[in-house]
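One file, input.txt, carrying compact mmCIF, C-alpha atoms:
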# COMPACT_ATOMS: atom_id res chain seq x y z
CA MET A 1487 -19.61 -17.97 7.13
CA GLN A 1488 -16.18 -16.45 7.51
CA PRO A 1489 -14.30 -16.24 10.82
CA ASN A 1490 -15.31 -12.58 11.11
CA GLY A 1491 -18.98 -13.58 11.01
CA GLN A 1492 -19.68 -12.25 7.53
CA THR A 1493 -21.31 -14.42 4.91
CA VAL A 1494 -19.86 -14.88 1.45
CA ASN A 1495 -21.32 -15.78 -1.91
CA SER A 1496 -21.41 -19.51 -2.13
CA GLY A 1497 -22.81 -22.35 -4.20
CA PRO A 1498 -24.94 -21.37 -7.15
CA ARG A 1499 -24.94 -17.64 -6.39
CA HIS A 1500 -22.49 -17.00 -9.23
CA LYS A 1501 -25.26 -17.85 -11.71
CA MET A 1502 -26.90 -14.55 -10.74
CA THR A 1503 -23.79 -12.40 -10.88
CA SER A 1504 -22.02 -10.95 -13.87
CA LEU A 1505 -18.53 -9.74 -13.11
CA ILE A 1506 -15.11 -11.07 -12.20
CA GLY A 1507 -12.57 -8.43 -11.22
CA PHE A 1508 -8.81 -8.63 -11.57
CA ILE A 1509 -7.02 -5.89 -9.65
CA GLY A 1510 -3.24 -5.63 -9.75
CA ASP A 1511 -0.16 -5.16 -11.90
CA SER A 1512 1.28 -6.84 -15.01
CA PHE A 1513 0.65 -10.28 -13.51
CA CYS A 1514 -2.97 -9.72 -14.49
CA ALA A 1515 -2.64 -7.15 -17.29
CA SER A 1516 -3.06 -9.57 -20.23
CA TYR A 1517 -6.55 -10.46 -21.35
CA GLY A 1518 -8.25 -12.35 -24.13
CA LEU A 1519 -10.06 -11.05 -27.19
CA GLY A 1520 -13.23 -9.28 -26.24
CA ASP A 1521 -11.85 -8.39 -22.84
CA TRP A 1522 -9.85 -5.48 -24.15
CA ARG A 1523 -9.92 -2.29 -22.21
CA ALA A 1524 -8.25 0.55 -24.03
CA HIS A 1525 -5.35 1.29 -21.76
CA GLY A 1526 -1.68 1.47 -22.63
CA SER A 1527 -0.63 -0.62 -19.66
CA GLN A 1528 -2.70 -3.63 -20.64
CA THR A 1529 -2.10 -6.33 -23.24
CA ARG A 1530 -4.53 -8.24 -25.39
CA GLN A 1531 -3.44 -11.72 -26.34
CA LYS A 1532 -2.77 -12.45 -29.98
CA GLY A 1533 -4.99 -15.05 -31.65
CA THR A 1534 -8.32 -16.41 -30.57
CA ASP A 1535 -7.19 -19.25 -28.31
CA THR A 1536 -7.78 -18.89 -24.64
CA ILE A 1537 -4.20 -18.34 -23.58
CA THR A 1538 -4.30 -16.08 -20.56
CA TYR A 1539 -5.49 -17.32 -17.18
CA THR A 1540 -7.67 -14.24 -16.87
CA ASN A 1541 -9.43 -15.18 -20.09
CA ARG A 1542 -9.77 -18.83 -19.08
CA VAL A 1543 -11.35 -17.95 -15.74
CA ILE A 1544 -14.03 -15.73 -17.21
CA ARG A 1545 -14.76 -18.17 -20.03
CA HIS A 1546 -15.21 -20.95 -17.49
CA PHE A 1547 -17.83 -18.98 -15.57
CA ASN A 1548 -19.19 -17.23 -18.67
CA HIS A 1549 -18.97 -13.89 -16.89
CA ALA A 1550 -17.76 -10.45 -17.87
CA ILE A 1551 -14.29 -9.34 -16.86
CA CYS A 1552 -13.39 -6.18 -14.99
CA PRO A 1553 -9.75 -5.74 -15.91
CA TYR A 1554 -7.87 -3.55 -13.44
CA GLY A 1555 -4.41 -5.01 -13.93
CA PHE A 1556 -1.92 -2.44 -15.23
CA GLU A 1557 1.67 -3.05 -16.24
CA GLY A 1558 4.12 -1.43 -13.84
CA ALA A 1559 1.30 0.01 -11.76
CA SER A 1560 1.32 0.56 -8.04
CA TRP A 1561 -1.41 -0.94 -5.87
CA TRP A 1562 -2.85 2.58 -5.42
CA HIS A 1563 -3.10 3.13 -9.17
CA SER A 1564 -5.09 -0.08 -9.68
CA ARG A 1565 -7.16 0.46 -6.55
CA GLU A 1566 -8.16 3.95 -7.62
CA ARG A 1567 -9.20 2.90 -11.10
CA PHE A 1568 -11.21 0.01 -9.73
CA ILE A 1569 -12.90 1.82 -6.85
CA GLN A 1570 -13.54 5.08 -8.69
CA ASP A 1571 -15.23 3.24 -11.56
CA PHE A 1572 -17.56 1.32 -9.34
CA ASP A 1573 -18.26 3.96 -6.75
CA TRP A 1574 -18.89 6.55 -9.46
CA ARG A 1575 -21.38 4.35 -11.24
CA SER A 1576 -23.00 3.56 -7.90
CA LYS A 1577 -22.76 -0.08 -8.78
CA GLU A 1578 -22.97 -2.52 -5.98
CA TYR A 1579 -19.96 -4.67 -5.45
CA ASN A 1580 -22.36 -7.55 -4.96
CA GLU A 1581 -22.47 -7.84 -8.73
CA PHE A 1582 -19.13 -9.57 -8.53
CA LEU A 1583 -18.79 -13.32 -8.52
CA ALA A 1584 -15.24 -12.83 -7.26
CA LEU A 1585 -12.47 -10.29 -6.91
CA ILE A 1586 -8.99 -11.55 -7.71
CA PHE A 1587 -6.25 -9.36 -6.27
CA LEU A 1588 -2.67 -9.53 -7.51
CA HIS A 1589 -0.67 -7.71 -4.85
CA THR A 1590 2.40 -5.92 -6.14
CA GLU A 1591 5.43 -4.32 -4.48
CA HIS A 1592 4.82 -1.45 -2.04
CA SER A 1593 7.69 0.57 -3.49
CA ARG A 1594 5.98 1.64 -6.72
CA ILE A 1595 4.82 5.22 -7.14
CA ASN A 1596 1.38 5.77 -5.64
CA CYS A 1597 -0.04 8.18 -8.16
CA LEU A 1598 -2.98 8.23 -10.53
CA ASN A 1599 -2.30 11.60 -12.19
CA ASN A 1600 -0.17 10.38 -15.03
CA ASN A 1601 -0.45 7.03 -16.75
CA ASP A 1602 3.28 6.92 -17.48
CA LEU A 1603 4.41 7.50 -13.92
CA PRO A 1604 3.77 4.01 -12.59
CA LYS A 1605 6.09 2.67 -15.27
CA LEU A 1606 8.63 5.32 -14.42
CA GLY A 1607 8.85 3.97 -10.91
CA HIS A 1608 9.60 0.48 -12.16
CA SER A 1609 13.28 0.07 -12.94
CA GLY A 1610 12.77 -2.87 -15.29
CA LEU A 1611 10.50 -1.12 -17.76
CA ASP A 1612 11.15 1.29 -20.59
CA PRO A 1613 10.43 4.47 -18.62
CA GLY A 1614 8.80 6.56 -21.31
CA GLY A 1615 7.65 10.02 -20.27
CA THR A 1616 9.64 13.22 -20.59
CA VAL A 1617 13.19 13.72 -19.37
CA GLU A 1618 11.84 15.91 -16.56
CA GLN A 1619 9.39 13.19 -15.50
CA GLN A 1620 12.23 10.67 -15.39
CA GLN A 1621 14.24 13.12 -13.29
CA ALA A 1622 11.28 13.55 -10.97
CA VAL A 1623 11.04 9.81 -10.38
CA ALA A 1624 14.79 9.44 -9.89
CA ALA A 1625 14.76 12.29 -7.34
CA HIS A 1626 11.75 10.72 -5.63
CA TYR A 1627 13.72 7.56 -4.88
CA ARG A 1628 16.93 9.46 -4.15
CA HIS A 1629 15.56 11.86 -1.56
CA LEU A 1630 12.04 11.42 -0.34
CA TYR A 1631 11.01 7.80 -0.76
CA ASP A 1632 10.27 6.45 2.73
CA ASP A 1633 10.03 2.67 2.61
CA LYS A 1634 8.34 2.39 6.00
CA PHE A 1635 5.60 4.79 4.99
CA HIS A 1636 4.83 2.98 1.73
CA CYS A 1637 4.84 -0.38 3.51
CA TRP A 1638 2.42 1.05 6.09
CA ALA A 1639 0.19 2.49 3.34
CA GLN A 1640 -0.10 -0.87 1.59
CA GLU A 1641 -0.96 -2.47 4.93
CA GLN A 1642 -3.86 0.00 5.21
CA TRP A 1643 -4.99 -1.08 1.72
CA PHE A 1644 -5.09 -4.68 2.91
CA ARG A 1645 -7.16 -3.62 5.92
CA GLU A 1646 -9.51 -1.71 3.61
CA ILE A 1647 -9.97 -4.80 1.43
CA HIS A 1648 -10.99 -6.66 4.57
CA ARG A 1649 -13.46 -3.95 5.61
CA ARG A 1650 -15.06 -3.45 2.19
CA PHE A 1651 -14.95 -6.78 0.40
CA SER A 1652 -15.13 -9.51 3.02
CA HIS A 1653 -18.71 -10.24 1.96
CA LEU A 1654 -17.48 -11.25 -1.51
CA LYS A 1655 -15.34 -14.12 -2.69
CA THR A 1656 -11.83 -12.72 -2.75
CA ILE A 1657 -8.79 -14.56 -4.09
CA HIS A 1658 -5.36 -13.10 -3.33
CA LEU A 1659 -2.10 -13.77 -5.14
CA HIS A 1660 1.19 -12.17 -4.17
CA CYS A 1661 3.29 -11.12 -7.14
CA PHE A 1662 6.49 -10.74 -5.11
CA PRO A 1663 7.69 -12.03 -1.72
CA ASP A 1664 7.55 -8.69 0.12
CA THR A 1665 3.77 -8.61 0.64
CA VAL A 1666 3.47 -12.22 1.83
CA PRO A 1667 4.02 -11.38 5.55
CA LEU A 1668 0.87 -9.21 5.44
CA SER A 1669 -1.32 -12.12 4.29
CA HIS A 1670 -3.04 -12.38 7.67
CA LEU A 1671 -4.71 -9.00 7.06
CA LEU A 1672 -6.58 -10.25 3.99
CA PRO A 1673 -9.97 -11.93 3.81
CA GLY A 1674 -10.78 -14.88 1.57
CA CYS A 1675 -8.36 -17.31 -0.10
CA VAL A 1676 -4.79 -16.12 0.15
CA TYR A 1677 -2.04 -17.89 -1.81
CA THR A 1678 1.31 -17.18 -0.20
CA THR A 1679 3.52 -18.47 -3.01
CA PRO A 1680 4.80 -15.43 -4.98
CA LEU A 1681 3.96 -15.60 -8.67
CA ILE A 1682 7.43 -14.30 -9.55
CA HIS A 1683 8.75 -17.73 -8.53
CA ILE A 1684 6.68 -19.29 -11.30
CA SER A 1685 7.70 -16.58 -13.75
CA VAL A 1686 11.44 -16.88 -13.04
CA GLY A 1687 11.04 -20.66 -12.93
CA GLU A 1688 10.32 -20.64 -16.65
CA LEU A 1689 13.50 -18.73 -17.47
CA SER A 1690 17.05 -19.88 -17.90
CA GLY A 1691 20.32 -18.04 -18.21
CA THR A 1692 22.66 -15.92 -16.17
CA GLU A 1693 21.46 -13.33 -13.69
CA ILE A 1694 21.72 -10.58 -16.33
CA GLU A 1695 19.99 -12.69 -18.97
CA ILE A 1696 17.07 -13.47 -16.65
CA SER A 1697 16.76 -9.83 -15.58
CA LYS A 1698 16.60 -8.79 -19.25
CA GLN A 1699 13.95 -11.39 -20.01
CA LEU A 1700 11.86 -10.18 -17.08
CA SER A 1701 12.11 -6.51 -18.03
CA ARG A 1702 11.22 -7.18 -21.67
CA ASP A 1703 8.74 -9.94 -20.96
CA THR A 1704 6.62 -11.01 -23.92
CA ARG A 1705 4.76 -13.71 -21.99
CA TYR A 1706 1.16 -13.07 -21.04
CA ASN A 1707 0.94 -12.28 -17.34
CA HIS A 1708 4.64 -13.25 -17.08
CA MET A 1709 3.82 -16.90 -17.65
CA SER A 1710 3.75 -19.48 -20.41
CA GLN A 1711 0.46 -20.60 -21.88
CA TYR A 1712 0.79 -23.86 -19.93
CA ASN A 1713 1.31 -22.09 -16.60
CA ASN A 1714 -1.52 -19.65 -17.38
CA GLN A 1715 -3.72 -22.74 -17.68
CA VAL A 1716 -2.53 -24.18 -14.35
CA LEU A 1717 -3.12 -20.85 -12.58
CA ALA A 1718 -6.58 -20.61 -14.13
CA ASP A 1719 -7.39 -24.06 -12.75
CA VAL A 1720 -6.28 -22.97 -9.27
CA ILE A 1721 -8.46 -19.85 -9.36
CA ILE A 1722 -11.49 -21.66 -10.77
CA ASP A 1723 -11.20 -24.27 -8.05
CA ALA A 1724 -10.83 -21.56 -5.40
CA ILE A 1725 -14.01 -19.84 -6.61
CA ASP A 1726 -16.04 -23.04 -7.01
CA ASN A 1727 -15.01 -24.53 -3.67
CA TYR A 1728 -14.57 -21.26 -1.84
CA THR A 1729 -13.01 -21.84 1.57
CA PRO A 1730 -11.26 -18.82 3.09
CA GLY A 1731 -7.78 -19.57 4.36
CA THR A 1732 -4.09 -19.41 3.59
CA TYR A 1733 -2.72 -21.76 0.96
CA LYS A 1734 0.40 -22.53 -1.06
CA LEU A 1735 0.17 -22.73 -4.84
CA PRO A 1736 0.57 -26.31 -6.13
CA MET A 1737 4.06 -25.63 -7.48
CA GLU A 1738 4.51 -29.23 -8.62
CA LYS A 1739 1.84 -28.63 -11.27
CA PHE A 1740 3.58 -25.64 -12.85
CA ASN A 1741 6.28 -26.09 -15.45
CA ARG A 1742 9.42 -24.59 -13.90
CA PRO A 1743 12.69 -25.84 -15.36
CA ASN A 1744 14.74 -23.34 -13.32
CA ALA A 1745 15.04 -24.98 -9.91
CA ASN A 1746 16.61 -21.86 -8.40
CA ALA A 1747 13.60 -19.62 -9.02
CA GLU A 1748 12.42 -19.63 -5.41
CA ASN A 1749 15.62 -17.85 -4.38
CA PHE A 1750 14.38 -14.72 -6.17
CA PRO A 1751 15.17 -11.92 -5.41
CA HIS A 1752 17.72 -12.42 -2.62
CA GLY A 1753 19.61 -15.55 -3.64
CA THR A 1754 20.97 -17.30 -6.69
CA TYR A 1755 17.93 -17.48 -8.93
CA TRP A 1756 19.79 -18.01 -12.19
CA ASN A 1757 20.80 -21.41 -13.54
CA LYS A 1758 23.89 -20.65 -15.56
CA MET R 1199 8.04 8.39 38.24
CA LYS R 1200 7.09 11.66 36.56
CA LYS R 1201 5.01 10.96 33.48
CA TYR R 1202 5.13 12.56 30.06
CA ILE R 1203 2.72 14.57 27.99
CA ALA R 1204 3.49 14.19 24.29
CA PHE R 1205 2.88 16.80 21.60
CA VAL R 1206 2.74 15.31 18.10
CA GLY R 1207 2.22 17.47 15.03
CA ASP R 1208 3.55 20.40 13.06
CA SER R 1209 4.56 23.97 13.91
CA TYR R 1210 1.38 24.43 15.92
CA CYS R 1211 3.12 22.47 18.68
CA ALA R 1212 6.78 22.96 17.77
CA THR R 1213 7.54 25.83 20.14
CA TYR R 1214 8.56 25.06 23.72
CA GLU R 1215 10.02 26.87 26.65
CA TRP R 1216 13.29 25.87 28.30
CA ASP R 1217 11.73 22.77 29.85
CA ILE R 1218 12.85 20.33 27.15
CA PRO R 1219 16.47 19.20 27.14
CA ILE R 1220 17.21 19.74 23.46
CA VAL R 1221 15.45 21.15 20.43
CA LYS R 1222 15.79 19.22 17.21
CA MET R 1223 15.65 20.61 13.71
CA HIS R 1224 12.22 22.20 13.03
CA GLN R 1225 11.61 22.84 16.75
CA TYR R 1226 11.87 26.17 18.53
CA ARG R 1227 12.65 27.32 22.08
CA VAL R 1228 11.41 30.63 23.46
CA ASN R 1229 11.57 32.73 26.61
CA PHE R 1230 7.88 33.54 26.67
CA PRO R 1231 5.00 31.24 27.70
CA ALA R 1232 4.21 28.49 25.21
CA TYR R 1233 1.10 26.38 25.64
CA PRO R 1234 2.83 22.95 25.57
CA SER R 1235 5.07 24.01 28.46
CA ILE R 1236 2.23 25.69 30.35
CA THR R 1237 0.12 22.54 30.02
CA ALA R 1238 2.96 20.28 31.15
CA ARG R 1239 3.65 22.46 34.18
CA HIS R 1240 -0.01 22.46 35.12
CA TYR R 1241 -0.05 18.65 35.35
CA GLN R 1242 3.58 18.36 36.47
CA TYR R 1243 4.48 16.22 33.48
CA ASN R 1244 7.62 16.10 31.40
CA ILE R 1245 7.25 17.01 27.73
CA ALA R 1246 7.81 14.54 24.90
CA PRO R 1247 8.19 17.05 22.05
CA TYR R 1248 7.19 15.75 18.61
CA GLY R 1249 5.95 18.93 16.99
CA PHE R 1250 8.04 19.81 13.95
CA GLY R 1251 7.53 22.97 11.90
CA GLY R 1252 6.80 22.39 8.23
CA ARG R 1253 6.77 18.60 8.53
CA SER R 1254 4.12 16.05 7.65
CA TRP R 1255 2.00 13.92 9.97
CA TRP R 1256 4.07 10.85 9.04
CA TYR R 1257 7.31 12.63 9.95
CA SER R 1258 6.11 13.51 13.46
CA TRP R 1259 4.13 10.33 14.11
CA SER R 1260 6.88 7.94 12.98
CA LYS R 1261 9.45 9.67 15.16
CA PHE R 1262 7.12 9.59 18.16
CA TRP R 1263 6.18 5.96 17.63
CA LYS R 1264 9.75 4.78 17.13
CA LYS R 1265 10.74 6.20 20.51
CA TRP R 1266 7.63 5.48 22.56
CA GLU R 1267 5.92 2.41 21.11
CA HIS R 1268 7.18 0.19 23.93
CA LYS R 1269 7.03 2.84 26.66
CA LEU R 1270 3.45 4.06 26.37
CA ASP R 1271 2.91 3.39 30.07
CA GLN R 1272 5.07 6.45 30.73
CA ILE R 1273 2.79 8.68 28.64
CA ALA R 1274 -0.09 10.31 30.50
CA ALA R 1275 -1.56 12.14 27.50
CA ILE R 1276 -0.89 12.87 23.85
CA VAL R 1277 -1.85 16.15 22.20
CA PHE R 1278 -2.05 15.97 18.42
CA THR R 1279 -2.07 19.01 16.14
CA HIS R 1280 -3.12 17.53 12.80
CA THR R 1281 -1.44 19.21 9.88
CA HIS R 1282 -2.39 19.54 6.23
CA LYS R 1283 -2.62 16.36 4.20
CA THR R 1284 -0.59 17.68 1.24
CA ARG R 1285 2.78 17.52 2.98
CA ILE R 1286 5.13 14.80 1.79
CA ASN R 1287 5.00 11.71 3.95
CA SER R 1288 8.66 11.06 4.37
CA ALA R 1289 10.95 10.93 7.36
CA THR R 1290 14.14 10.12 5.48
CA THR R 1291 16.01 13.32 6.30
CA PRO R 1292 15.13 16.49 8.24
CA GLU R 1293 16.71 18.68 5.57
CA PHE R 1294 14.29 17.61 2.84
CA PRO R 1295 11.46 20.09 2.20
CA LEU R 1296 8.04 18.50 2.68
CA MET R 1297 5.81 21.43 1.75
CA PRO R 1298 5.28 23.19 -1.58
CA ASN R 1299 7.05 26.56 -1.85
CA TYR R 1300 8.95 26.26 1.39
CA ALA R 1301 12.36 24.76 2.04
CA PRO R 1302 14.42 24.47 5.24
CA SER R 1303 17.61 26.50 5.17
CA LEU R 1304 19.75 23.35 5.02
CA SER R 1305 17.99 21.92 1.96
CA THR R 1306 20.29 21.34 -0.99
CA ALA R 1307 19.44 22.58 -4.49
CA ASP R 1308 18.85 18.96 -5.54
CA MET R 1309 16.38 18.48 -2.68
CA ILE R 1310 14.48 21.64 -3.62
CA LYS R 1311 14.31 20.47 -7.23
CA ALA R 1312 13.07 17.05 -6.09
CA ASN R 1313 10.37 18.74 -4.02
CA GLN R 1314 9.23 20.83 -6.99
CA HIS R 1315 9.19 17.79 -9.29
CA TYR R 1316 7.24 15.83 -6.71
CA PHE R 1317 4.45 18.40 -6.55
CA LYS R 1318 4.42 18.75 -10.33
CA TYR R 1319 4.33 15.09 -11.33
CA ILE R 1320 3.95 12.66 -8.46
CA HIS R 1321 1.76 14.25 -5.80
CA ASP R 1322 -1.66 12.61 -5.70
CA PRO R 1323 -4.09 14.53 -3.44
CA ASP R 1324 -6.42 11.55 -3.16
CA PHE R 1325 -3.62 9.28 -1.99
CA GLN R 1326 -2.54 11.88 0.56
CA ALA R 1327 -6.10 12.22 1.85
CA TRP R 1328 -6.61 8.46 1.98
CA THR R 1329 -3.43 7.87 3.98
CA GLN R 1330 -4.25 10.62 6.48
CA GLU R 1331 -7.74 9.19 6.94
CA ASN R 1332 -6.18 5.81 7.66
CA TYR R 1333 -3.80 7.45 10.11
CA PHE R 1334 -6.80 8.82 11.99
CA LYS R 1335 -8.34 5.34 12.01
CA LEU R 1336 -5.09 3.98 13.39
CA LEU R 1337 -5.12 6.55 16.21
CA LYS R 1338 -8.72 5.73 17.03
CA GLU R 1339 -8.01 1.99 17.14
CA ARG R 1340 -4.85 2.38 19.16
CA PHE R 1341 -5.89 4.94 21.72
CA GLU R 1342 -9.65 4.79 22.06
CA GLN R 1343 -10.65 3.50 25.43
CA PRO R 1344 -13.71 1.21 25.62
CA ASN R 1345 -14.67 3.07 28.79
CA PRO R 1346 -14.62 6.84 28.05
CA ASN R 1347 -14.92 7.61 31.77
CA ALA R 1348 -11.70 5.84 32.75
CA ALA R 1349 -9.77 9.05 33.32
CA LYS R 1350 -12.17 9.98 36.14
CA TRP R 1351 -10.97 7.09 38.28
CA PRO R 1352 -10.90 7.08 41.32
CA ASN R 1353 -12.65 10.30 42.25
CA GLY R 1354 -15.37 10.62 39.61
CA LYS R 1355 -17.84 8.52 37.66
CA PHE R 1356 -15.38 6.06 36.15
CA TRP R 1357 -18.00 3.42 35.33
CA SER R 1358 -19.67 3.18 31.94
CA LYS R 1359 -22.98 1.58 32.98
CA THR R 1360 -25.42 2.67 35.64

Could you show the structure in this file as structure tokens?
Amino acid sequence: MQPNGQTVNSGPRHKMTSLIGFIGDSFCASYGLGDWRAHGSQTRQKGTDTITYTNRVIRHFNHAICPYGFEGASWWHSRERFIQDFDWRSKEYNEFLALIFLHTEHSRINCLNNNDLPKLGHSGLDPGGTVEQQQAVAAHYRHLYDDKFHCWAQEQWFREIHRRFSHLKTIHLHCFPDTVPLSHLLPGCVYTTPLIHISVGELSGTEIEISKQLSRDTRYNHMSQYNNQVLADVIIDAIDNYTPGTYKLPMEKFNRPNANAENFPHGTYWNK
Amino acid sequence: MKKYIAFVGDSYCATYEWDIPIVKMHQYRVNFPAYPSITARHYQYNIAPYGFGGRSWWYSWSKFWKKWEHKLDQIAAIVFTHTHKTRINSATTPEFPLMPNYAPSLSTADMIKANQHYFKYIHDPDFQAWTQENYFKLLKERFEQPNPNAAKWPNGKFWSKT
């Protein structure tokens, strides 16, 4: 029983269910063979080994994956794809063993109309799109982007997650530090250590070198194979021994040679 | 202390008589009777004017909330005129056009272009509808009284159980 009085799936219930959902941005956009969903903002791992944490989690439970992680996407983009698919098919969310949310920055463009636009709103990515689309995005941030509104909107998304999915096992990971203060709005297991601190922790170089590596990242889910494995173990444990609450990630278990990574993005996060 | 009646919304509550000290951009002052002023006079309240012509719900609400969040005890009533969900939810600058096909006179050419590009490429009607729905939920949570008869105190049936 959760503090709000709602029950959650527990114990052997996952034997009856069939799906594990990943909803978020590029931190959950890489999947294993057989998990491929034909979308330009997702990556399939090369080779047959279980490299990605997403792949490892579903293999562990022998369940099907629902991949709603999209590179450069806003929370709205991923939410819409996820909710529209399942509401449209009239599927019950109770089919899910667990929903794993990777919460991204609130500043990305909240739009589903055009698959390129989410990337256009992300300064680190190759923008793609037409010149006019790039101008539209630049003008959006120059004139009409209201940070308080987009922060408020993401807060409403967190409240909606609580209203709609509290009866399921939900695992929450923050990709960046800016959503961490809203953790109290979320149901389930919430990890308050931003994943970017693991990602940057693997990198070395000057500030510019690290920024380049991040924007042209070839790692699956922005992490090494080793750290994908550690994160998979954390998620598997969270699902198996589901106890809602707020937790830190076991950072000592991750391989992070860059000791300055936790200063990202406001301090000295480079190590040269 | 004389209390306030607030008007929060778009041009449907942006016109006042001479009973407000200043009019801001997107507000209008007239010499003929306007319902916000008539209502305020009826109850002997001051007006807190947050109706702005051509603006979005976020524009009006965020300006109202910024000023009054910690002084709600001075507000006797709030009248909302809920505008169309398509308007751009931004309060960055009053000169920026928030509607399609309409621009304030002080909008720059770059702002007008940005507005056109927004409605061509970025505008997502479902997102706009979802945020307005959540705004309504916020209003309900924040202002709904558990006892709907409270306003009848002390001269009417102010209790909720018989």

Could you list, as a PyMOL selection string, every residue within 10 Å of Gln1711 (chain A), counting all atoms listed in the file and ignoring same-chain residues fewer than 6 positions away? chain A and resi 1536-1539+1705+1717

Please identify every residue of chain A that has at least one atom no more than 10 Å from any atom of chain R, counting only C-alpha atoms, and report them as a tab-separated table (two decimals) with C-alpha atoms, in the coordinates of the input.
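The resulting file, part-v4.tsv, is reproduced below:
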chain	number	residue	atom	x	y	z
A	1562	TRP	CA	-2.85	2.58	-5.42
A	1563	HIS	CA	-3.10	3.13	-9.17
A	1566	GLU	CA	-8.16	3.95	-7.62
A	1595	ILE	CA	4.82	5.22	-7.14
A	1596	ASN	CA	1.38	5.77	-5.64
A	1597	CYS	CA	-0.04	8.18	-8.16
A	1598	LEU	CA	-2.98	8.23	-10.53
A	1599	ASN	CA	-2.30	11.60	-12.19
A	1600	ASN	CA	-0.17	10.38	-15.03
A	1603	LEU	CA	4.41	7.50	-13.92
A	1604	PRO	CA	3.77	4.01	-12.59
A	1618	GLU	CA	11.84	15.91	-16.56
A	1619	GLN	CA	9.39	13.19	-15.50
A	1620	GLN	CA	12.23	10.67	-15.39
A	1621	GLN	CA	14.24	13.12	-13.29
A	1622	ALA	CA	11.28	13.55	-10.97
A	1623	VAL	CA	11.04	9.81	-10.38
A	1624	ALA	CA	14.79	9.44	-9.89
A	1625	ALA	CA	14.76	12.29	-7.34
A	1626	HIS	CA	11.75	10.72	-5.63
A	1627	TYR	CA	13.72	7.56	-4.88
A	1628	ARG	CA	16.93	9.46	-4.15
A	1629	HIS	CA	15.56	11.86	-1.56
A	1630	LEU	CA	12.04	11.42	-0.34
A	1631	TYR	CA	11.01	7.80	-0.76
A	1632	ASP	CA	10.27	6.45	2.73
A	1633	ASP	CA	10.03	2.67	2.61
A	1634	LYS	CA	8.34	2.39	6.00
A	1635	PHE	CA	5.60	4.79	4.99
A	1636	HIS	CA	4.83	2.98	1.73
A	1638	TRP	CA	2.42	1.05	6.09
A	1639	ALA	CA	0.19	2.49	3.34
A	1640	GLN	CA	-0.10	-0.87	1.59
A	1642	GLN	CA	-3.86	0.00	5.21
A	1643	TRP	CA	-4.99	-1.08	1.72
A	1645	ARG	CA	-7.16	-3.62	5.92
A	1646	GLU	CA	-9.51	-1.71	3.61

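The interatomic distance for the pair CA of Phe1556 (chain A) and CA of Met1737 (chain A) works out to 25.2 Å.
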
Once you count all atoms listed in the file, what closest atom pair and distance in Å to one decimal does each residue of region 1587-1690 of chain A within 12 Å of region 1578-1582 of chain A have, with rows by chain and rising residue number, as a tab-separated table?
residue	atom	partner	partner_atom	distance
A:Arg1650	CA	A:Tyr1579	CA	9.2
A:Phe1651	CA	A:Tyr1579	CA	8.0
A:Ser1652	CA	A:Tyr1579	CA	10.9
A:His1653	CA	A:Asn1580	CA	8.3
A:Leu1654	CA	A:Asn1580	CA	7.0
A:Lys1655	CA	A:Phe1582	CA	8.3
A:Thr1656	CA	A:Phe1582	CA	9.8

Store the residues picked out above, limited to C-alpha atoms, as a PDB file, in the coordinates of the input.
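again.pdb written:
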ATOM      1  CA  ARG A1650     -15.060  -3.450   2.190  1.00  0.00           C
ATOM      2  CA  PHE A1651     -14.950  -6.780   0.400  1.00  0.00           C
ATOM      3  CA  SER A1652     -15.130  -9.510   3.020  1.00  0.00           C
ATOM      4  CA  HIS A1653     -18.710 -10.240   1.960  1.00  0.00           C
ATOM      5  CA  LEU A1654     -17.480 -11.250  -1.510  1.00  0.00           C
ATOM      6  CA  LYS A1655     -15.340 -14.120  -2.690  1.00  0.00           C
ATOM      7  CA  THR A1656     -11.830 -12.720  -2.750  1.00  0.00           C
TER       8      THR A1656
END

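Look at Gln1699 (chain A): the protein and nucleic acid residues within 12 Å of it, using only C-alpha atoms and passing over chain neighbours fewer than 2 places away, are Gly1610, Leu1611, Ser1685, Val1686, Glu1688, Leu1689, Ser1690, Gly1691, Thr1692, Glu1693, Ile1694, Glu1695, Ile1696, Ser1697, Ser1701, Arg1702, Asp1703, Thr1704, Arg1705, His1708, Met1709 and Trp1756 of chain A.
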
Produce a file of the selected residues containing C-alpha atoms, as a compact mmCIF listing (two decimals), in the coordinates of the input.
# COMPACT_ATOMS: atom_id res chain seq x y z
CA GLY A 1610 12.77 -2.87 -15.29
CA LEU A 1611 10.50 -1.12 -17.76
CA SER A 1685 7.70 -16.58 -13.75
CA VAL A 1686 11.44 -16.88 -13.04
CA GLU A 1688 10.32 -20.64 -16.65
CA LEU A 1689 13.50 -18.73 -17.47
CA SER A 1690 17.05 -19.88 -17.90
CA GLY A 1691 20.32 -18.04 -18.21
CA THR A 1692 22.66 -15.92 -16.17
CA GLU A 1693 21.46 -13.33 -13.69
CA ILE A 1694 21.72 -10.58 -16.33
CA GLU A 1695 19.99 -12.69 -18.97
CA ILE A 1696 17.07 -13.47 -16.65
CA SER A 1697 16.76 -9.83 -15.58
CA SER A 1701 12.11 -6.51 -18.03
CA ARG A 1702 11.22 -7.18 -21.67
CA ASP A 1703 8.74 -9.94 -20.96
CA THR A 1704 6.62 -11.01 -23.92
CA ARG A 1705 4.76 -13.71 -21.99
CA HIS A 1708 4.64 -13.25 -17.08
CA MET A 1709 3.82 -16.90 -17.65
CA TRP A 1756 19.79 -18.01 -12.19

So which residues touch region 1672-1680 of chain A within 8 Å, counting only C-alpha atoms, skipping near sequence neighbours fewer than 3 positions away, as a ChimeraX atom specification? /A:1644-1645,1647-1648,1651-1652,1655-1663,1666,1668-1669,1683-1684,1724,1728-1735
